[in-house]
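Novice: Got a file for you: target16.csv, CSV, C-alpha atoms.
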```csv
chain,number,residue,atom,x,y,z
R,1,MET,CA,-6.1,127.0,-151.3
R,2,CYS,CA,-4.2,129.2,-153.7
R,3,LEU,CA,-2.5,131.3,-151.0
R,4,ASP,CA,-1.5,128.2,-149.2
R,5,LEU,CA,0.0,126.8,-152.4
R,6,ALA,CA,1.9,130.0,-153.0
R,7,CYS,CA,3.3,129.8,-149.5
R,8,ARG,CA,4.5,126.2,-150.2
R,9,LEU,CA,6.2,127.3,-153.4
R,10,ASP,CA,8.2,130.1,-151.9
R,11,GLU,CA,9.1,130.2,-148.2
R,12,ARG,CA,9.5,134.0,-148.3
R,13,ILE,CA,5.9,134.4,-149.4
R,14,GLY,CA,4.9,132.0,-146.6
R,15,LEU,CA,6.8,134.1,-144.0
R,16,GLY,CA,5.3,137.4,-145.3
R,17,ALA,CA,1.8,136.0,-145.5
R,18,SER,CA,2.1,134.8,-141.9
R,19,MET,CA,3.2,138.2,-140.6
R,20,LEU,CA,0.7,140.2,-142.6
R,21,GLY,CA,-2.1,137.8,-141.9
R,22,ALA,CA,-1.5,138.1,-138.2
R,23,GLU,CA,-2.3,141.9,-138.5
R,24,LEU,CA,-5.7,141.0,-140.0
R,25,ASP,CA,-6.6,138.2,-137.7
R,26,PRO,CA,-9.9,139.0,-135.9
R,27,SER,CA,-9.0,136.7,-133.0
R,28,PRO,CA,-5.2,136.8,-132.7
R,29,SER,CA,-5.1,135.6,-129.2
R,30,PHE,CA,-6.8,132.3,-130.1
R,31,ARG,CA,-4.8,131.5,-133.3
R,32,SER,CA,-1.3,130.3,-134.0
R,33,VAL,CA,0.7,131.7,-136.8
R,34,LEU,CA,1.7,129.1,-139.3
R,35,LEU,CA,5.0,129.3,-141.1
R,36,PHE,CA,5.1,127.6,-144.4
R,37,GLY,CA,8.2,125.9,-145.7
R,38,PRO,CA,9.0,125.0,-149.3
R,39,VAL,CA,7.7,121.8,-150.7
R,40,ALA,CA,8.7,121.9,-154.3
R,41,GLY,CA,11.5,123.3,-156.4
R,42,GLY,CA,14.5,123.1,-154.0
R,43,SER,CA,15.4,124.3,-150.6
R,44,GLY,CA,14.0,127.8,-150.4
R,45,GLY,CA,12.8,129.3,-153.7
R,46,SER,CA,9.9,129.2,-156.0
R,47,GLY,CA,9.4,127.0,-158.9
R,48,GLY,CA,12.5,125.0,-159.8
R,49,ASP,CA,15.4,127.5,-159.3
R,50,GLY,CA,16.6,125.6,-156.3
R,51,GLY,CA,16.2,128.6,-154.1
R,52,ALA,CA,19.1,130.6,-155.5
R,53,GLY,CA,18.9,134.2,-154.4
R,54,GLN,CA,15.6,133.6,-152.6
R,55,ALA,CA,16.5,132.6,-149.1
R,56,ASP,CA,18.7,135.8,-148.7
R,57,ARG,CA,15.9,138.1,-149.6
R,58,GLU,CA,13.6,139.7,-147.0
R,59,PRO,CA,10.0,138.5,-146.9
R,60,PRO,CA,7.3,140.9,-148.1
R,61,ARG,CA,6.4,143.4,-145.3
R,62,THR,CA,3.4,145.1,-146.9
R,63,ILE,CA,0.3,144.0,-148.8
R,64,GLU,CA,1.7,145.7,-151.9
R,65,GLU,CA,5.0,143.8,-151.6
R,66,LEU,CA,3.2,140.5,-151.1
R,67,ALA,CA,1.0,141.1,-154.1
R,68,ARG,CA,4.1,141.9,-156.2
R,69,ASP,CA,5.8,138.8,-155.1
R,70,LEU,CA,2.7,136.6,-155.7
R,71,ALA,CA,2.4,138.1,-159.2
R,72,ALA,CA,6.1,137.3,-159.9
R,73,LEU,CA,5.9,133.7,-158.5
R,74,ASP,CA,7.5,131.1,-160.8
R,75,LEU,CA,4.7,128.7,-161.7
R,76,THR,CA,6.7,126.4,-163.8
R,77,VAL,CA,6.2,123.5,-161.4
R,78,LEU,CA,2.5,123.8,-162.0
R,79,ASP,CA,2.7,123.4,-165.8
R,80,ALA,CA,0.0,120.8,-166.7
R,81,PRO,CA,1.3,117.6,-168.3
R,82,SER,CA,0.9,117.2,-172.0
R,83,PRO,CA,-2.1,115.0,-173.2
R,84,GLY,CA,-1.2,111.3,-172.8
R,85,ARG,CA,1.6,112.0,-170.3
R,86,THR,CA,1.6,110.9,-166.7
R,87,PRO,CA,1.3,113.8,-164.3
R,88,GLY,CA,4.3,114.5,-162.1
R,89,GLY,CA,4.0,112.9,-158.7
R,90,ASP,CA,5.6,115.8,-156.9
R,91,THR,CA,3.2,118.4,-158.4
R,92,ALA,CA,0.2,116.2,-157.7
R,93,GLN,CA,1.3,115.7,-154.1
R,94,LEU,CA,1.9,119.4,-153.7
R,95,LEU,CA,-1.6,120.2,-154.9
R,96,HIS,CA,-3.1,117.5,-152.7
R,97,ARG,CA,-1.4,119.0,-149.6
R,98,ALA,CA,-2.6,122.5,-150.4
R,99,LEU,CA,-6.2,121.1,-151.0
R,100,SER,CA,-6.0,119.2,-147.7
R,101,SER,CA,-4.9,122.2,-145.8
R,102,SER,CA,-7.8,124.3,-147.3
R,103,VAL,CA,-10.3,121.6,-146.3
R,104,GLU,CA,-8.9,121.3,-142.8
R,105,ALA,CA,-9.0,125.1,-142.3
R,106,ALA,CA,-12.7,125.3,-143.3
R,107,MET,CA,-14.7,126.7,-140.4
R,108,TYR,CA,-18.4,127.7,-140.4
R,109,TRP,CA,-18.8,128.8,-136.8
R,110,GLN,CA,-16.4,131.7,-136.6
R,111,GLU,CA,-14.9,134.6,-138.5
R,112,PRO,CA,-12.5,133.9,-141.3
R,113,ASP,CA,-9.0,133.4,-140.0
R,114,ASP,CA,-5.9,135.5,-140.9
R,115,GLN,CA,-5.1,133.7,-144.1
R,116,ASP,CA,-8.7,133.9,-145.3
R,117,ALA,CA,-8.8,137.6,-144.6
R,118,LEU,CA,-5.5,138.1,-146.4
R,119,ALA,CA,-6.6,136.1,-149.5
R,120,ALA,CA,-9.9,138.1,-149.6
R,121,LEU,CA,-8.0,141.4,-150.2
R,122,PRO,CA,-8.6,142.5,-153.8
R,123,ASP,CA,-4.9,143.0,-154.5
R,124,ILE,CA,-4.0,139.6,-153.2
R,125,GLY,CA,-6.9,138.0,-155.1
R,126,ASP,CA,-5.8,139.6,-158.4
R,127,ALA,CA,-2.2,138.5,-157.8
R,128,LEU,CA,-3.3,134.9,-157.2
R,129,ARG,CA,-5.4,134.7,-160.4
R,130,PRO,CA,-2.6,133.2,-162.6
R,131,LEU,CA,-1.9,130.5,-160.0
R,132,ALA,CA,-5.7,129.8,-159.7
R,133,GLU,CA,-5.8,129.3,-163.5
R,134,ARG,CA,-2.9,126.7,-163.2
R,135,VAL,CA,-4.7,124.9,-160.4
R,136,ALA,CA,-7.9,124.8,-162.5
R,137,ALA,CA,-6.0,123.3,-165.4
R,138,TRP,CA,-4.9,120.5,-163.1
R,139,ALA,CA,-8.5,119.6,-162.1
R,140,PRO,CA,-9.2,117.2,-164.9
R,141,VAL,CA,-5.7,115.7,-164.6
R,142,LEU,CA,-6.2,114.9,-161.0
R,143,GLY,CA,-9.8,113.8,-161.4
R,144,TRP,CA,-11.2,116.7,-159.3
R,145,ASP,CA,-14.0,117.1,-161.8
R,146,ARG,CA,-15.0,113.5,-162.1
R,147,PRO,CA,-18.6,112.4,-161.4
R,148,CYS,CA,-19.4,109.9,-158.7
R,149,ALA,CA,-17.6,106.6,-159.5
R,150,PRO,CA,-19.3,103.2,-159.2
R,151,GLN,CA,-16.5,102.2,-156.8
R,152,GLN,CA,-17.1,103.9,-153.4
R,153,TRP,CA,-15.8,103.6,-149.9
R,154,ILE,CA,-17.6,103.8,-146.6
R,155,LEU,CA,-15.3,105.6,-144.2
R,156,PRO,CA,-15.9,105.2,-140.5
R,157,TRP,CA,-13.1,106.4,-138.2
R,158,ASP,CA,-13.8,103.6,-135.7
R,159,ARG,CA,-13.9,99.9,-136.3
R,160,PRO,CA,-17.2,99.1,-138.2
R,161,GLY,CA,-20.0,98.0,-135.8
R,162,SER,CA,-18.8,100.2,-133.0
R,163,PRO,CA,-21.3,102.1,-130.9
R,164,ASP,CA,-20.3,105.3,-132.7
R,165,ASP,CA,-22.0,104.0,-135.9
R,166,SER,CA,-25.4,103.8,-134.2
R,167,TRP,CA,-26.5,107.2,-135.3
R,168,LEU,CA,-26.1,106.5,-139.1
R,169,HIS,CA,-28.7,105.3,-141.5
R,170,ARG,CA,-31.5,107.6,-140.4
R,171,ASP,CA,-34.3,107.9,-142.8
R,172,VAL,CA,-34.3,111.1,-144.8
R,173,SER,CA,-37.7,111.9,-143.5
R,174,ARG,CA,-36.3,111.8,-140.0
R,175,TRP,CA,-33.6,114.2,-141.0
R,176,ALA,CA,-36.2,116.6,-142.4
R,177,ALA,CA,-38.3,116.4,-139.3
R,178,ASP,CA,-35.2,117.1,-137.1
R,179,ALA,CA,-34.2,120.0,-139.3
R,180,ARG,CA,-37.6,121.6,-139.1
R,181,GLU,CA,-37.8,121.1,-135.3
R,182,GLY,CA,-34.4,122.6,-134.9
R,183,GLU,CA,-35.4,125.7,-137.0
R,184,ALA,CA,-38.6,126.1,-135.0
R,185,ALA,CA,-36.7,126.0,-131.7
R,186,ALA,CA,-34.1,128.5,-132.9
R,187,ARG,CA,-36.7,131.0,-133.9
R,188,LYS,CA,-37.8,131.3,-130.2
R,189,LYS,CA,-34.4,132.6,-129.1
R,190,GLN,CA,-33.3,135.0,-131.7
R,191,PRO,CA,-31.4,138.1,-130.5
R,192,ARG,CA,-31.6,141.5,-132.3
R,193,HIS,CA,-28.2,141.1,-134.0
R,194,ALA,CA,-26.8,138.0,-135.6
R,195,ARG,CA,-23.5,138.4,-133.9
R,196,ASN,CA,-25.3,137.5,-130.6
R,197,ALA,CA,-27.1,134.5,-132.1
R,198,PRO,CA,-26.1,131.2,-130.5
R,199,SER,CA,-23.9,128.8,-132.3
R,200,GLY,CA,-25.6,125.5,-133.3
R,201,SER,CA,-26.1,123.7,-136.6
R,202,TRP,CA,-23.7,125.0,-139.2
R,203,TRP,CA,-23.7,122.2,-141.8
R,204,SER,CA,-25.8,121.9,-144.9
R,205,THR,CA,-25.4,118.2,-145.4
R,206,PRO,CA,-28.1,115.5,-144.7
R,207,LEU,CA,-26.1,114.7,-141.5
R,208,GLY,CA,-26.8,111.1,-140.3
R,209,LEU,CA,-27.4,109.6,-143.8
R,210,GLN,CA,-24.8,107.3,-145.3
R,211,GLN,CA,-21.7,109.1,-146.7
R,212,THR,CA,-19.1,107.5,-149.1
R,213,VAL,CA,-15.9,108.7,-150.7
R,214,ASP,CA,-14.5,107.7,-154.1
R,215,ARG,CA,-10.8,107.7,-153.6
R,216,VAL,CA,-8.7,106.1,-150.8
R,217,PRO,CA,-6.4,107.0,-149.3
R,218,ALA,CA,-6.6,110.6,-150.8
R,219,ALA,CA,-10.1,111.1,-149.3
R,220,LEU,CA,-8.7,110.5,-145.8
R,221,ASP,CA,-7.0,113.9,-146.0
R,222,LEU,CA,-10.1,115.7,-147.2
R,223,VAL,CA,-12.3,115.9,-144.1
R,224,GLU,CA,-13.9,119.1,-142.9
R,225,ASP,CA,-13.9,119.6,-139.1
R,226,GLU,CA,-11.7,116.6,-138.7
R,227,MET,CA,-10.9,115.4,-135.2
R,228,GLY,CA,-7.3,114.4,-135.6
R,229,TRP,CA,-8.1,110.8,-136.6
R,230,VAL,CA,-5.2,108.6,-137.4
R,231,ASP,CA,-7.0,105.2,-137.7
R,232,ALA,CA,-9.5,104.6,-140.5
R,233,TRP,CA,-11.5,101.5,-141.4
R,234,VAL,CA,-12.8,101.7,-145.0
R,235,THR,CA,-15.2,99.3,-146.7
R,236,PRO,CA,-15.4,99.0,-150.5
R,237,VAL,CA,-18.9,99.3,-151.9
R,238,HIS,CA,-20.7,99.7,-155.2
R,239,GLY,CA,-23.0,102.7,-155.4
R,240,PRO,CA,-26.1,102.2,-157.5
R,241,GLY,CA,-28.9,104.6,-158.4
R,242,ARG,CA,-29.4,108.1,-159.7
R,243,THR,CA,-26.7,110.5,-158.6
R,244,LEU,CA,-27.0,114.3,-158.7
R,245,GLU,CA,-23.7,116.0,-159.4
R,246,ILE,CA,-22.8,119.3,-157.7
R,247,THR,CA,-20.0,120.7,-159.9
R,248,GLY,CA,-20.2,124.3,-158.7
R,249,ALA,CA,-22.2,127.1,-157.2
R,250,GLU,CA,-24.8,127.1,-159.9
R,251,ASP,CA,-25.8,123.5,-159.3
R,252,TRP,CA,-26.2,124.1,-155.6
R,253,ILE,CA,-28.2,127.3,-156.1
R,254,ALA,CA,-30.5,125.6,-158.6
R,255,LEU,CA,-31.1,122.8,-156.0
R,256,CYS,CA,-31.9,125.4,-153.3
R,257,ARG,CA,-34.3,127.2,-155.6
R,258,GLU,CA,-36.2,124.0,-156.5
R,259,HIS,CA,-36.2,122.5,-153.1
R,260,PRO,CA,-35.6,125.2,-150.4
R,261,LEU,CA,-35.7,124.4,-146.7
R,262,GLU,CA,-35.7,127.4,-144.4
R,263,VAL,CA,-32.8,127.5,-141.9
R,264,SER,CA,-32.5,131.2,-141.2
R,265,ALA,CA,-32.8,131.0,-137.5
R,266,SER,CA,-30.8,127.8,-136.9
R,267,ARG,CA,-27.8,128.9,-139.1
R,268,ARG,CA,-28.0,132.6,-138.4
R,269,GLY,CA,-25.2,133.0,-135.9
R,270,ASP,CA,-22.7,130.7,-137.4
R,271,TRP,CA,-23.1,131.7,-141.0
R,272,TYR,CA,-23.1,135.4,-140.1
R,273,GLN,CA,-19.7,134.8,-138.5
R,274,VAL,CA,-18.2,133.1,-141.6
R,275,THR,CA,-19.9,135.3,-144.3
R,276,GLY,CA,-20.8,138.6,-142.6
R,277,ARG,CA,-24.3,138.3,-144.0
R,278,ASP,CA,-27.5,138.4,-141.9
R,279,GLY,CA,-30.6,137.5,-143.8
R,280,ARG,CA,-32.7,134.6,-145.0
R,281,TRP,CA,-30.9,131.2,-145.3
R,282,VAL,CA,-31.9,128.0,-147.0
R,283,VAL,CA,-30.4,124.6,-147.6
R,284,PRO,CA,-31.7,121.9,-150.0
R,285,ASP,CA,-34.7,120.0,-148.6
R,286,TRP,CA,-33.1,116.5,-148.9
R,287,GLU,CA,-36.4,114.8,-148.3
R,288,GLN,CA,-37.7,116.4,-151.5
R,289,VAL,CA,-34.5,115.8,-153.4
R,290,ALA,CA,-34.8,112.1,-152.5
R,291,GLN,CA,-37.9,111.9,-154.6
R,292,GLN,CA,-35.8,112.4,-157.7
R,293,TRP,CA,-32.3,111.3,-156.7
R,294,ASP,CA,-30.8,108.4,-154.8
R,295,ALA,CA,-27.5,110.2,-154.0
R,296,VAL,CA,-25.8,113.6,-154.2
R,297,HIS,CA,-22.1,113.9,-155.1
R,298,LEU,CA,-20.0,117.0,-154.6
R,299,THR,CA,-16.9,117.1,-156.9
R,300,VAL,CA,-13.6,118.3,-155.6
R,301,ALA,CA,-13.7,121.1,-158.2
R,302,GLY,CA,-17.2,122.0,-157.2
R,303,TYR,CA,-16.1,122.2,-153.6
R,304,LEU,CA,-13.2,124.6,-154.4
R,305,GLN,CA,-15.5,126.8,-156.5
R,306,ALA,CA,-18.4,127.0,-154.2
R,307,ALA,CA,-17.9,125.9,-150.5
R,308,THR,CA,-17.2,128.1,-147.5
R,309,ARG,CA,-19.0,131.2,-148.9
R,310,ALA,CA,-22.4,132.7,-149.2
R,311,LEU,CA,-24.2,131.7,-152.4
R,312,GLU,CA,-27.0,134.0,-153.6
R,313,VAL,CA,-30.1,132.0,-154.2
R,314,ASP,CA,-32.3,135.1,-154.9
R,315,ALA,CA,-32.4,138.8,-154.0
R,316,ASP,CA,-32.9,138.1,-150.3
R,317,THR,CA,-31.9,134.5,-149.8
R,318,ALA,CA,-28.6,132.7,-149.7
R,319,SER,CA,-27.1,129.3,-148.8
R,320,VAL,CA,-23.7,127.9,-147.8
R,321,ILE,CA,-22.1,124.5,-148.7
R,322,GLY,CA,-20.8,123.6,-145.2
R,323,GLY,CA,-19.6,120.3,-143.8
R,324,TRP,CA,-19.5,118.5,-147.1
R,325,ASP,CA,-16.2,116.8,-147.7
R,326,PRO,CA,-14.9,117.3,-151.3
R,327,GLY,CA,-15.5,114.3,-153.5
R,328,SER,CA,-17.9,112.6,-151.1
R,329,THR,CA,-21.5,111.4,-151.7
R,330,TYR,CA,-24.5,111.3,-149.5
R,331,TRP,CA,-27.1,108.6,-150.0
R,332,LEU,CA,-30.7,109.8,-149.6
R,333,THR,CA,-32.8,106.7,-150.3
R,334,GLY,CA,-32.9,103.0,-149.3
R,335,ASP,CA,-30.6,102.2,-152.2
R,336,VAL,CA,-27.4,102.4,-150.1
R,337,PRO,CA,-24.2,101.0,-151.6
R,338,ALA,CA,-23.6,97.3,-151.5
R,339,VAL,CA,-20.4,95.9,-149.9
R,340,THR,CA,-18.0,94.5,-152.5
R,341,GLY,CA,-15.0,93.6,-150.5
R,342,GLU,CA,-13.2,93.2,-147.2
R,343,VAL,CA,-12.7,96.0,-144.7
R,344,GLN,CA,-9.4,97.8,-144.9
R,345,ARG,CA,-7.5,99.5,-142.1
R,346,TRP,CA,-5.4,102.6,-142.8
R,347,LEU,CA,-3.1,104.3,-140.3
R,348,HIS,CA,-1.7,107.8,-140.5
R,349,GLN,CA,2.1,107.7,-140.1
R,350,ASP,CA,4.9,110.2,-140.9
R,351,GLU,CA,4.9,109.3,-144.6
R,352,GLY,CA,1.1,109.6,-144.8
R,353,TRP,CA,-1.7,107.0,-144.8
R,354,VAL,CA,-0.4,103.4,-144.9
R,355,ARG,CA,-2.6,100.4,-145.3
R,356,THR,CA,-2.1,97.7,-142.6
R,357,PRO,CA,-2.2,94.0,-143.3
```
With the file now loaded, output its structure as structure tokens.
Specialist:
Amino acid sequence: MCLDLACRLDERIGLGASMLGAELDPSPSFRSVLLFGPVAGGSGGSGGDGGAGQADREPPRTIEELARDLAALDLTVLDAPSPGRTPGGDTAQLLHRALSSSVEAAMYWQEPDDQDALAALPDIGDALRPLAERVAAWAPVLGWDRPCAPQQWILPWDRPGSPDDSWLHRDVSRWAADAREGEAAARKKQPRHARNAPSGSWWSTPLGLQQTVDRVPAALDLVEDEMGWVDAWVTPVHGPGRTLEITGAEDWIALCREHPLEVSASRRGDWYQVTGRDGRWVVPDWEQVAQQWDAVHLTVAGYLQAATRALEVDADTASVIGGWDPGSTYWLTGDVPAVTGEVQRWLHQDEGWVRTP
């Protein structure tokens, strides 16, 4: 997210990151190079200088130059508001767009793309640290660290009651049985090296159980592996019950240690691609988790801190948070949210998501 945000703050950095990232892209023939334009602070520069003197300068041509420009980036636009003051709408929108781009780019079935590879370089990571600290300071302002709210929304991308809804509401025990069957089947066809393992299940969510989001329309932009949907039907609901909060890597790791479900064979190929790690993998056994909790909520801040990377559970075991939209909740038991209002329809237009009458 931070590199994307830096590219939005300064178009020169965006151009340089695109060119340098292309040199690191493991699959250049299958990717498009994205050129980032400025979103805040004027027509071509960083921060609020209006672009004076920036547009005429050459973009960074080396990793060292890019790191230097990132370290010198004007971060004034990301100054957090004083206590009691309303946060600036432009800055909040800027951060939301960068977050949305990060979620949209999350992929668990292939190698990291050019921008991921670029951001992973030590010099670039060090240069982005001040920006990351500014983003972290905005988390409580934007509600990214909030626990699951009583007001929730069921978010189908087709009209409620359509045939596409028929696979929802599986019992968690059915999910567990399917997961174990899938793992057993994958063990029978394991190649010697993980890079040759077939792609298959890459998610770590209790897929098929009811999922809700806590903010509309913001949540409509925060969907991993989204399919280009432009038409959303959302239903307001009230979420009862005991909710487990995942606020970062440590919460997820603790859950995997307490309730591990082996997925080493079924996730091997995909998670090797995204992490470069070949070894034992686990996800939480949601059937066991359901004995203590009715629902599990991943905060936005928790997503940013922990998703899309290997999380060490113990010396020879790891896990990945994959396929879990930030700020969303999965309901594990029969205590599913109760409908509290009429279905709303939202359409994606040039200006963003717009509610229709």
Novice: Between R:Ala119, R:Ile13, R:Val223, R:Ala301, which is the closest to Asp74 of chain R once you count all atoms listed in the file?
Specialist: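 Under the stated criterion, the closest residue is R:Ile13.
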Novice: Tell me which of R:Gly341, R:Ala71, R:Val213, R:Gly21 sits closest to Asp123 of chain R, counting only C-alpha atoms.
Specialist: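 Selected residue with least distance to Asp123 of chain R: R:Ala71.
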Novice: Which neighbours of Pro130 of chain R fall inside 12 Å, counting all atoms listed in the file, when residues of the same chain fewer than 3 positions from it are skipped, and could you give them as a list in words?
Specialist: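 Close residues of Pro130 of chain R: Cys2, Leu3, Ala6, Leu70, Ala71, Ala72, Leu73, Asp74, Leu75, Thr76, Leu78, Asp79, Ile124, Gly125, Asp126, Ala127, Glu133, Arg134, Val135, Ala136 and Ala137 of chain R.
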Novice: Write the selection just made, keeping C-alpha atoms, as an mmCIF file, keeping the file's coordinate frame?
Specialist:
```cif
data_model
loop_
_atom_site.group_PDB
_atom_site.id
_atom_site.type_symbol
_atom_site.label_atom_id
_atom_site.label_comp_id
_atom_site.auth_asym_id
_atom_site.auth_seq_id
_atom_site.Cartn_x
_atom_site.Cartn_y
_atom_site.Cartn_z
ATOM 1 C CA CYS R 2 -4.200 129.200 -153.700
ATOM 2 C CA LEU R 3 -2.500 131.300 -151.000
ATOM 3 C CA ALA R 6 1.900 130.000 -153.000
ATOM 4 C CA LEU R 70 2.700 136.600 -155.700
ATOM 5 C CA ALA R 71 2.400 138.100 -159.200
ATOM 6 C CA ALA R 72 6.100 137.300 -159.900
ATOM 7 C CA LEU R 73 5.900 133.700 -158.500
ATOM 8 C CA ASP R 74 7.500 131.100 -160.800
ATOM 9 C CA LEU R 75 4.700 128.700 -161.700
ATOM 10 C CA THR R 76 6.700 126.400 -163.800
ATOM 11 C CA LEU R 78 2.500 123.800 -162.000
ATOM 12 C CA ASP R 79 2.700 123.400 -165.800
ATOM 13 C CA ILE R 124 -4.000 139.600 -153.200
ATOM 14 C CA GLY R 125 -6.900 138.000 -155.100
ATOM 15 C CA ASP R 126 -5.800 139.600 -158.400
ATOM 16 C CA ALA R 127 -2.200 138.500 -157.800
ATOM 17 C CA GLU R 133 -5.800 129.300 -163.500
ATOM 18 C CA ARG R 134 -2.900 126.700 -163.200
ATOM 19 C CA VAL R 135 -4.700 124.900 -160.400
ATOM 20 C CA ALA R 136 -7.900 124.800 -162.500
ATOM 21 C CA ALA R 137 -6.000 123.300 -165.400
#
```
Novice: So how far away is atom CA of Trp175 of chain R from atom CA of Gly334 of chain R, in Å?
Specialist: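 A separation of 14.0 Å between them.
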Novice: For each of R:Ala197, R:Val339, R:Val77, R:Ala177, take the minimum atom-to-atom distance to His238 of chain R, counting all atoms listed in the file, then give the residue where this is smallest.
Specialist: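 Closest to His238 of chain R of all the choices is R:Val339.
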Novice: I want to know what sits within 12 Å of Thr275 of chain R, based on only C-alpha atoms, with residues of the same chain fewer than 3 positions away left out; could you give that as a PyMOL selection string?
Specialist: chain R and resi 107-113+116-117+120+194-195+267-272+278-279+281+307-312+318-322
Novice: Tell me which of R:Thr243, R:Ser102, R:Gln93, R:Thr235 sits closest to Glu342 of chain R, counting only C-alpha atoms.
Specialist: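 Going through R:Thr243, R:Ser102, R:Gln93, R:Thr235 one by one, the smallest distance to Glu342 of chain R is for R:Thr235.
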Novice: Report the distance between atom CA of Val274 of chain R and atom CA of Glu64 of chain R in Å, rounded to one decimal place.
Specialist: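 Pair atom CA of Val274 of chain R / atom CA of Glu64 of chain R returns 25.7 Å.
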Novice: Please tell me which residues are no farther than 8 Å from (-3.2, 105.4, -151.0) in the file, counting all atoms listed in the file, and write them as a list in words.
Specialist: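 Within 8 Å of (-3.2, 105.4, -151.0), the protein and nucleic acid residues are Val216, Pro217, Ala218, Trp353, Val354 and Arg355 of chain R.
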Novice: Go ahead and find all residues with at least one atom no further than 7 Å from (-6.1, 124.0, -152.6) in the file's coordinates, using all atoms listed in the file; report them as a list of chain:residue names.
Specialist: R:Met1, R:Cys2, R:Leu5, R:Leu95, R:Ala98, R:Leu99, R:Ser100, R:Ser102
Novice: Which value, in Å to one decimal, gives the distance between atom CA of Ala186 of chain R and atom CA of Gly208 of chain R?
Specialist: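 Answer for the atom CA of Ala186 of chain R to atom CA of Gly208 of chain R separation: 20.3 Å.
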Novice: Considering all atoms listed in the file, state which residue in the set R:Trp233, R:Trp346, R:Trp153, R:Trp138 is at the smallest distance from Arg215 of chain R.
Specialist: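 Closest candidate: R:Trp153.
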Novice: So, with all atoms listed in the file as the atoms that count, which of R:Gln115, R:Thr340, R:Ser328, R:Ser173 lies closest to Leu222 of chain R?
Specialist: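 For Leu222 of chain R, the nearest of the given residues is R:Ser328.
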Novice: Considering only C-alpha atoms, return as a PyMOL selection string whatever protein or nucleic-acid residues lie within 12 Å of Arg242 of chain R, sequence-local ones (same chain, fewer than 6 positions apart) excluded.
Specialist: chain R and resi 147-150+289-297+329-333+335-337
Novice: With all atoms listed in the file as the counted atoms, please give the residues lying no more than 8 Å from Trp157 of chain R, apart from itself and same-chain residues fewer than 3 positions off, as a list in words.
Specialist: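 Residues meeting the cut-off are Trp229, Asp231, Ala232 and Trp233 of chain R.
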Novice: Taking 3 positions as the minimum chain separation for residues in the same chain, which residues sit within 6 Å of segment 245-259 of chain R when counting only C-alpha atoms? Answer as a ChimeraX atom specification.
Specialist: /R:283-285,297-299,302,305-306,313
